[in-house]
>>> print(open('model_35.csv').read())   # CSV, C-alpha atoms
chain,number,residue,atom,x,y,z
A,538,MET,CA,-9.6,-25.4,11.1
A,539,MET,CA,-7.0,-23.1,9.6
A,540,LYS,CA,-3.6,-21.7,10.4
A,541,ALA,CA,-3.6,-18.0,11.5
A,542,ILE,CA,-1.3,-15.5,13.1
A,543,ILE,CA,-3.0,-13.7,15.9
A,544,LEU,CA,-1.9,-10.6,17.8
A,545,LYS,CA,-1.7,-11.3,21.5
A,546,GLY,CA,-1.6,-7.7,22.7
A,547,PHE,CA,0.0,-4.6,21.1
A,548,GLY,CA,3.7,-4.5,21.2
A,549,GLY,CA,6.7,-6.3,19.7
A,550,VAL,CA,6.9,-9.1,17.1
A,551,GLU,CA,6.8,-11.7,19.8
A,552,ASN,CA,3.1,-10.9,20.1
A,553,LEU,CA,2.5,-12.4,16.7
A,554,VAL,CA,1.6,-16.0,17.5
A,555,LYS,CA,0.7,-18.8,15.1
A,556,THR,CA,-2.3,-20.8,16.1
A,557,ASP,CA,-5.3,-22.8,14.7
A,558,LEU,CA,-8.7,-21.2,14.4
A,559,PRO,CA,-12.0,-22.2,12.8
A,560,VAL,CA,-12.3,-21.2,9.1
A,561,GLN,CA,-13.8,-17.8,8.8
A,562,ASP,CA,-17.5,-17.5,8.2
A,563,ILE,CA,-18.7,-15.7,5.1
A,564,SER,CA,-21.8,-13.5,4.7
A,565,ASP,CA,-24.0,-13.4,1.6
A,566,ASN,CA,-21.8,-10.8,-0.1
A,567,ASP,CA,-18.5,-12.5,0.8
A,568,VAL,CA,-16.3,-15.1,-0.8
A,569,LEU,CA,-13.9,-17.4,1.0
A,570,VAL,CA,-10.4,-17.1,-0.3
A,571,LYS,CA,-7.7,-19.8,0.2
A,572,VAL,CA,-4.7,-17.6,0.7
A,573,LYS,CA,-1.6,-17.9,-1.5
A,574,ALA,CA,0.2,-14.8,-0.6
A,575,ILE,CA,-0.2,-11.7,1.6
A,576,GLY,CA,1.5,-8.2,1.5
A,577,ILE,CA,3.0,-6.7,4.6
A,578,ASN,CA,2.6,-2.9,4.9
A,579,PRO,CA,3.8,-0.2,7.3
A,580,VAL,CA,0.3,0.1,8.8
A,581,ASP,CA,0.6,-3.6,9.9
A,582,ILE,CA,3.7,-2.7,12.0
A,583,LYS,CA,2.1,0.5,13.4
A,584,THR,CA,-1.0,-1.3,14.3
A,585,ARG,CA,0.9,-4.2,15.9
A,586,LYS,CA,2.7,-1.6,18.1
A,587,GLY,CA,-0.5,0.0,19.2
A,588,LYS,CA,-0.9,2.8,16.7
A,589,GLY,CA,-2.2,2.7,13.2
A,590,LEU,CA,-5.6,1.0,13.4
A,591,ALA,CA,-5.1,-0.3,16.9
A,592,ASP,CA,-8.1,1.7,18.3
A,593,THR,CA,-10.3,0.2,15.6
A,594,LEU,CA,-9.2,-3.4,16.3
A,595,LYS,CA,-8.7,-3.4,20.0
A,596,GLU,CA,-12.2,-4.7,20.7
A,597,TYR,CA,-11.8,-7.8,18.6
A,598,ASP,CA,-10.7,-11.1,20.0
A,599,PRO,CA,-8.7,-12.5,18.4
A,600,ILE,CA,-7.0,-9.7,16.4
A,601,ILE,CA,-5.8,-10.9,13.0
A,602,LEU,CA,-3.7,-8.3,11.2
A,603,GLY,CA,-3.3,-8.0,7.4
A,604,TRP,CA,-5.3,-6.5,4.6
A,605,ASP,CA,-3.5,-7.5,1.4
A,606,VAL,CA,-4.3,-10.9,-0.1
A,607,SER,CA,-4.2,-13.0,-3.2
A,608,GLY,CA,-5.6,-16.5,-3.6
A,609,ILE,CA,-8.3,-18.8,-4.9
A,610,ILE,CA,-12.0,-18.6,-4.1
A,611,THR,CA,-13.2,-21.8,-2.5
A,612,ARG,CA,-16.8,-20.7,-1.5
A,613,THR,CA,-19.2,-17.9,-2.4
A,614,GLY,CA,-22.0,-16.2,-0.5
A,615,LYS,CA,-25.5,-16.5,-2.0
A,616,SER,CA,-25.6,-12.9,-3.2
A,617,VAL,CA,-22.2,-13.0,-4.9
A,618,LYS,CA,-22.7,-12.3,-8.7
A,619,THR,CA,-19.4,-11.7,-10.4
A,620,LEU,CA,-17.0,-14.1,-8.8
A,621,LYS,CA,-17.1,-17.9,-8.6
A,622,GLU,CA,-15.4,-20.9,-7.0
A,623,GLY,CA,-12.0,-21.4,-8.5
A,624,ASP,CA,-11.4,-17.8,-9.5
A,625,GLU,CA,-7.9,-16.4,-8.7
A,626,VAL,CA,-8.3,-13.0,-7.0
A,627,PHE,CA,-6.5,-10.3,-5.2
A,628,GLY,CA,-7.3,-7.2,-3.2
A,629,MET,CA,-7.1,-5.0,-0.1
A,630,ILE,CA,-9.7,-6.3,2.3
A,631,ASN,CA,-11.9,-4.3,4.7
A,632,PHE,CA,-9.6,-1.3,5.1
A,633,PRO,CA,-9.8,0.6,7.3
A,634,GLY,CA,-11.2,-2.3,9.4
A,635,HIS,CA,-10.5,-5.8,10.4
A,636,GLY,CA,-8.9,-7.4,7.3
A,637,LYS,CA,-7.7,-10.7,8.9
A,638,THR,CA,-5.5,-11.7,6.0
A,639,TYR,CA,-2.8,-13.3,8.2
A,640,SER,CA,-4.7,-16.6,7.9
A,641,GLU,CA,-5.0,-19.7,5.7
A,642,TYR,CA,-8.5,-18.7,4.6
A,643,VAL,CA,-10.0,-15.2,4.4
A,644,ALA,CA,-13.6,-14.0,4.2
A,645,ALA,CA,-13.5,-11.2,1.7
A,646,PRO,CA,-16.3,-8.9,0.4
A,647,GLU,CA,-16.8,-9.5,-3.3
A,648,ALA,CA,-16.7,-5.7,-3.7
A,649,HIS,CA,-13.1,-5.5,-2.5
A,650,LEU,CA,-11.6,-8.0,-5.0
A,651,ALA,CA,-10.5,-8.2,-8.6
A,652,LEU,CA,-9.5,-11.1,-10.7
A,653,LYS,CA,-5.8,-11.8,-10.7
A,654,PRO,CA,-4.2,-11.3,-14.1
A,655,ALA,CA,-2.9,-14.6,-15.5
A,656,ASN,CA,0.5,-13.1,-16.3
A,657,ILE,CA,1.4,-12.2,-12.7
A,658,SER,CA,2.1,-14.4,-9.7
A,659,TYR,CA,0.2,-14.6,-6.5
A,660,GLU,CA,3.1,-12.8,-4.8
A,661,GLU,CA,3.1,-10.0,-7.3
A,662,ALA,CA,-0.7,-9.6,-6.9
A,663,ALA,CA,-0.5,-9.5,-3.1
A,664,ALA,CA,2.2,-6.8,-3.4
A,665,ALA,CA,0.0,-4.7,-5.7
A,666,SER,CA,-2.9,-4.4,-3.2
A,667,MET,CA,-2.6,-1.7,-0.5
A,668,ALA,CA,0.5,0.0,-1.9
A,669,ALA,CA,-0.8,0.1,-5.4
A,670,ILE,CA,-4.3,1.2,-4.6
A,671,THR,CA,-3.0,3.9,-2.3
A,672,ALA,CA,-0.9,5.3,-5.2
A,673,TRP,CA,-3.8,5.0,-7.6
A,674,GLN,CA,-6.4,6.7,-5.4
A,675,ILE,CA,-4.0,9.6,-4.7
A,676,LEU,CA,-2.9,10.2,-8.3
A,677,LYS,CA,-6.0,9.3,-10.3
A,678,GLU,CA,-8.8,10.3,-8.0
A,679,LYS,CA,-7.5,12.9,-5.5
A,680,LEU,CA,-5.0,14.8,-7.6
A,681,LYS,CA,-6.3,13.9,-11.1
A,682,ILE,CA,-2.8,13.9,-12.5
A,683,LYS,CA,-2.7,14.9,-16.2
A,684,HIS,CA,-0.1,15.2,-18.9
A,685,GLY,CA,2.8,17.6,-18.1
A,686,ASP,CA,2.1,17.9,-14.4
A,687,LYS,CA,5.3,18.1,-12.3
A,688,ILE,CA,5.2,15.8,-9.3
A,689,LEU,CA,7.7,15.1,-6.5
A,690,ILE,CA,7.4,11.6,-4.9
A,691,HIS,CA,9.2,11.0,-1.7
A,692,ALA,CA,10.4,7.5,-0.8
A,693,ALA,CA,10.2,6.7,-4.5
A,694,SER,CA,11.8,3.3,-4.1
A,695,GLY,CA,9.4,2.1,-1.3
A,696,GLY,CA,6.1,0.3,-1.4
A,697,VAL,CA,3.7,3.0,-2.3
A,698,GLY,CA,6.4,5.1,-3.9
A,699,HIS,CA,7.5,2.6,-6.5
A,700,PHE,CA,3.9,2.2,-7.7
A,701,ALA,CA,3.3,6.0,-7.6
A,702,VAL,CA,6.3,6.7,-9.9
A,703,GLN,CA,5.1,4.1,-12.4
A,704,MET,CA,1.5,5.4,-12.3
A,705,ALA,CA,2.4,9.1,-12.4
A,706,LYS,CA,4.6,8.4,-15.5
A,707,TYR,CA,1.7,6.5,-17.1
A,708,LEU,CA,-0.7,9.4,-16.4
A,709,GLY,CA,1.7,11.7,-18.2
A,710,ALA,CA,3.4,13.5,-15.3
A,711,VAL,CA,7.1,14.5,-15.1
A,712,VAL,CA,8.3,12.6,-12.1
A,713,THR,CA,11.0,13.5,-9.6
A,714,GLY,CA,11.7,10.9,-6.9
A,715,THR,CA,13.7,11.1,-3.7
A,716,ALA,CA,15.5,7.9,-2.7
A,717,SER,CA,19.0,6.8,-1.6
A,718,GLY,CA,21.8,6.8,-4.0
A,719,ASP,CA,21.8,3.0,-4.0
A,720,ASN,CA,18.3,3.1,-5.5
A,721,LYS,CA,19.0,5.7,-8.2
A,722,GLU,CA,18.9,3.3,-11.2
A,723,PHE,CA,15.8,1.6,-9.7
A,724,VAL,CA,13.9,4.9,-9.5
A,725,PHE,CA,14.9,5.8,-13.1
A,726,SER,CA,13.7,2.3,-14.3
A,727,LEU,CA,10.3,3.0,-12.8
A,728,GLY,CA,9.9,6.1,-15.0
A,729,ALA,CA,11.2,9.0,-13.0
A,730,SER,CA,12.9,11.8,-14.9
A,731,VAL,CA,14.9,13.1,-11.9
A,732,HIS,CA,16.3,11.2,-8.9
A,733,ILE,CA,17.5,13.1,-5.8
A,734,ASP,CA,19.7,11.3,-3.3
A,735,TYR,CA,18.3,12.5,0.0
A,736,GLU,CA,21.5,11.5,1.8
A,737,LYS,CA,23.6,13.9,-0.2
A,738,TYR,CA,21.3,16.7,-1.2
A,739,LEU,CA,18.4,18.9,0.1
A,740,PHE,CA,15.7,18.5,-2.4
A,741,GLU,CA,14.4,22.0,-1.7
A,742,ASP,CA,17.7,23.4,-2.9
A,743,LEU,CA,17.2,21.7,-6.3
A,744,LEU,CA,13.5,22.0,-7.0
A,745,ASN,CA,10.8,24.7,-7.4
A,746,ASP,CA,7.5,25.2,-9.2
A,747,MET,CA,6.2,21.6,-8.5
A,748,ASP,CA,2.5,21.0,-9.1
A,749,TYR,CA,2.3,18.2,-6.6
A,750,VAL,CA,4.2,16.4,-3.8
A,751,VAL,CA,3.3,13.0,-2.5
A,752,ASP,CA,4.9,12.4,0.9
A,753,MET,CA,5.2,9.1,2.6
A,754,ILE,CA,7.7,10.3,5.2
A,755,GLY,CA,6.1,13.3,7.0
A,756,GLY,CA,7.4,15.4,9.8
A,757,LYS,CA,9.8,18.0,8.5
A,758,TYR,CA,9.4,16.6,5.0
A,759,ASN,CA,6.0,18.2,4.9
A,760,ASP,CA,7.4,21.6,5.7
A,761,ARG,CA,10.3,21.3,3.4
A,762,SER,CA,8.0,20.1,0.6
A,763,LEU,CA,5.9,23.2,0.8
A,764,GLU,CA,9.0,25.2,-0.3
A,765,VAL,CA,9.1,23.5,-3.7
A,766,LEU,CA,5.4,23.8,-4.6
A,767,LYS,CA,4.2,26.5,-6.9
A,768,PRO,CA,1.4,28.8,-5.7
A,769,GLY,CA,-1.8,26.7,-5.7
A,770,GLY,CA,0.1,23.5,-5.7
A,771,THR,CA,-0.9,20.5,-3.6
A,772,ILE,CA,0.9,18.2,-1.1
A,773,ILE,CA,-0.6,14.8,-0.1
A,774,SER,CA,0.7,13.2,3.1
A,775,ILE,CA,-0.4,9.6,3.9
A,776,PRO,CA,-0.9,8.6,7.6
A,777,SER,CA,2.2,6.5,7.9
A,778,GLY,CA,4.2,9.8,7.5
A,779,ALA,CA,1.6,12.2,8.9
A,780,SER,CA,2.5,15.6,10.4
A,781,GLU,CA,0.2,17.9,12.1
A,782,ASN,CA,-1.6,20.9,10.6
A,783,ILE,CA,-0.5,20.2,7.0
A,784,ALA,CA,-3.7,21.7,5.7
A,785,GLU,CA,-3.2,24.9,7.7
A,786,LYS,CA,0.5,25.2,6.9
A,787,ALA,CA,-0.2,24.8,3.2
A,788,ALA,CA,-3.1,27.2,3.2
A,789,ALA,CA,-0.9,29.8,4.8
A,790,LYS,CA,1.3,29.7,1.8
A,791,GLY,CA,-1.5,29.7,-0.8
A,792,MET,CA,-1.3,25.9,-1.3
A,793,ASN,CA,-3.3,22.9,-0.7
A,794,GLY,CA,-2.5,20.2,1.9
A,795,TYR,CA,-4.3,17.0,2.6
A,796,PHE,CA,-3.9,13.8,4.6
A,797,PHE,CA,-5.0,10.7,2.7
A,798,ARG,CA,-6.1,7.4,3.9
A,799,VAL,CA,-6.7,4.6,1.4
A,800,HIS,CA,-10.0,2.7,1.4
A,801,SER,CA,-11.0,-0.7,-0.1
A,802,ASP,CA,-12.5,-0.4,-3.5
A,803,GLY,CA,-12.9,-3.3,-6.0
A,804,GLY,CA,-13.3,-0.9,-8.9
A,805,ASN,CA,-9.9,0.5,-8.2
A,806,MET,CA,-8.5,-3.0,-7.9
A,807,LYS,CA,-9.9,-3.9,-11.3
A,808,GLU,CA,-8.2,-0.8,-12.8
A,809,ILE,CA,-4.9,-1.9,-11.2
A,810,ALA,CA,-5.4,-5.4,-12.5
A,811,ASN,CA,-5.7,-4.0,-16.0
A,812,LEU,CA,-2.4,-2.0,-15.5
A,813,LEU,CA,-0.7,-5.1,-14.3
A,814,GLU,CA,-2.0,-7.3,-17.1
A,815,ARG,CA,-0.8,-4.7,-19.7
A,816,GLY,CA,2.6,-4.4,-18.0
A,817,VAL,CA,2.1,-0.7,-17.4
A,818,VAL,CA,2.7,-1.3,-13.7
A,819,LYS,CA,4.9,-4.0,-12.1
A,820,SER,CA,5.3,-5.1,-8.5
A,821,PHE,CA,8.9,-5.1,-7.3
A,822,ILE,CA,9.3,-7.6,-4.5
A,823,SER,CA,12.6,-7.3,-2.6
A,824,LYS,CA,12.0,-10.3,-0.4
A,825,THR,CA,9.5,-13.1,0.2
A,826,PHE,CA,9.0,-14.7,3.6
A,827,SER,CA,7.2,-17.9,4.6
A,828,PHE,CA,4.1,-17.7,6.9
A,829,ASP,CA,6.3,-18.9,9.8
A,830,GLU,CA,8.7,-16.0,9.2
A,831,ILE,CA,6.1,-13.3,9.5
A,832,ARG,CA,7.9,-11.8,12.5
A,833,SER,CA,11.0,-11.4,10.3
A,834,ALA,CA,8.8,-9.7,7.6
A,835,HIS,CA,7.7,-7.2,10.2
A,836,LEU,CA,11.2,-6.5,11.3
A,837,GLN,CA,12.3,-5.9,7.7
A,838,ILE,CA,9.5,-3.3,7.2
A,839,GLU,CA,10.6,-1.7,10.5
A,840,THR,CA,14.0,-0.9,9.1
A,841,GLY,CA,12.3,1.8,6.9
A,842,LYS,CA,14.7,0.8,4.1
A,843,THR,CA,12.7,-1.7,2.2
A,844,LYS,CA,13.0,-1.5,-1.6
A,845,GLY,CA,9.6,-2.1,-3.2
A,846,LYS,CA,7.5,-4.7,-1.3
A,847,ILE,CA,7.7,-7.5,1.2
A,848,VAL,CA,5.5,-10.5,0.6
A,849,VAL,CA,4.6,-13.5,2.7
A,850,ARG,CA,3.9,-16.7,0.9
A,851,MET,CA,1.5,-19.1,2.4
A,852,ASP,CA,3.2,-22.5,2.9
>>> encode(input="model_35.csv", output="structure tokens")
Amino acid sequence: MMKAIILKGFGGVENLVKTDLPVQDISDNDVLVKVKAIGINPVDIKTRKGKGLADTLKEYDPIILGWDVSGIITRTGKSVKTLKEGDEVFGMINFPGHGKTYSEYVAAPEAHLALKPANISYEEAAAASMAAITAWQILKEKLKIKHGDKILIHAASGGVGHFAVQMAKYLGAVVTGTASGDNKEFVFSLGASVHIDYEKYLFEDLLNDMDYVVDMIGGKYNDRSLEVLKPGGTIISIPSGASENIAEKAAAKGMNGYFFRVHSDGGNMKEIANLLERGVVKSFISKTFSFDEIRSAHLQIETGKTKGKIVVRMD
């Protein structure tokens, strides 16, 4: 048996209930991971409330939320080739699907994992799963950021944002980040050249001729961001901050607009592991909760004011 947090109906945090369940079965291509830490993301909260991936998960019983994991492999399927028992691993599991990482043991596809660098903790590895792979897939694969590109990153001090700033800087971009005044020095420390305090200034009054905008907020931010893009520029909006018709609105102005949803990819995780090992990218964890405090972790993410990442440590 294993400890797990199940979701007893979509709604408030009181629906997150700790229980005992049989240890997850593994298929031929899976490994069983003894969980050391998990990351909590905005999609966890949206799904718990009945949005996010709720439509995908509603047929499952029980529903176990969570996609970010780090831990130690305790068993391998017979077709697993690159990982072995005892390996320390991390990754984003089965997204978009049923990740089930809010549990003591997780069945994870070999293809969704990477070896955890020895120089980072389990907590730092779990933090650098969904948020880091989202930033990497947007910047490296979708936008193909190159040296000298000018990019605006909204919510630059948040989960995806703080990785995106570091990665964009590494790829050679000139980075502008929006964040509160309290997080100004943090945003600069990540590699941004310009910080804009969204509580004091309208970024569209200060910027123009940007090549790219990455928006984790959505709504009016999408419309306002189009004002600072140069002709042919591109805005990416991720689902947690989605607004309608971004592609059409961008096209009407001679620009490109896309929604982006991250997907599990072990190859990307290996690239992120390399960046972490080299110290090019670092996870900033603002607070760590115990497994029994997972409701509090959700409430912290719900504030919309989290600096960096929130991690839950398996007791």
>>> atom_distance(input="model_35.csv", atom1="CA of Thr611 in chain A", atom2="CA of Asp829 in chain A")
23.2 Å
>>> atom_distance(input="model_35.csv", atom1="CA of Glu678 in chain A", atom2="CA of Met753 in chain A")
17.6 Å
>>> residues_near_point(input="model_35.csv", point="(-15.5, 3.9, -5.6)", cutoff="12 Å", atoms="all atoms listed in the file", output="PyMOL selection string")
chain A and resi 648-649+670+673-674+677-678+799-808
>>> write_last_selection(input="model_35.csv", atoms="C-alpha atoms", output="mmCIF file, in the coordinates of the input")
data_model
loop_
_atom_site.group_PDB
_atom_site.id
_atom_site.type_symbol
_atom_site.label_atom_id
_atom_site.label_comp_id
_atom_site.auth_asym_id
_atom_site.auth_seq_id
_atom_site.Cartn_x
_atom_site.Cartn_y
_atom_site.Cartn_z
ATOM 1 C CA ALA A 648 -16.700 -5.700 -3.700
ATOM 2 C CA HIS A 649 -13.100 -5.500 -2.500
ATOM 3 C CA ILE A 670 -4.300 1.200 -4.600
ATOM 4 C CA TRP A 673 -3.800 5.000 -7.600
ATOM 5 C CA GLN A 674 -6.400 6.700 -5.400
ATOM 6 C CA LYS A 677 -6.000 9.300 -10.300
ATOM 7 C CA GLU A 678 -8.800 10.300 -8.000
ATOM 8 C CA VAL A 799 -6.700 4.600 1.400
ATOM 9 C CA HIS A 800 -10.000 2.700 1.400
ATOM 10 C CA SER A 801 -11.000 -0.700 -0.100
ATOM 11 C CA ASP A 802 -12.500 -0.400 -3.500
ATOM 12 C CA GLY A 803 -12.900 -3.300 -6.000
ATOM 13 C CA GLY A 804 -13.300 -0.900 -8.900
ATOM 14 C CA ASN A 805 -9.900 0.500 -8.200
ATOM 15 C CA MET A 806 -8.500 -3.000 -7.900
ATOM 16 C CA LYS A 807 -9.900 -3.900 -11.300
ATOM 17 C CA GLU A 808 -8.200 -0.800 -12.800
#
>>> closest_residue(input="model_35.csv", among="A:Gly623, A:Gly728, A:Gly549, A:Gly770", to="Asp746 in chain A", atoms="all atoms listed in the file")
A:Gly770
>>> residues_around(input="model_35.csv", residues="range 698-701 of chain A", least_positions_apart="3", cutoff="9 Å", atoms="only C-alpha atoms", output="MDAnalysis selection string")
chainID A and resid 665 668:673 675:676 690:695 704:706 714 723:724 727 751:753 818:821 844:846
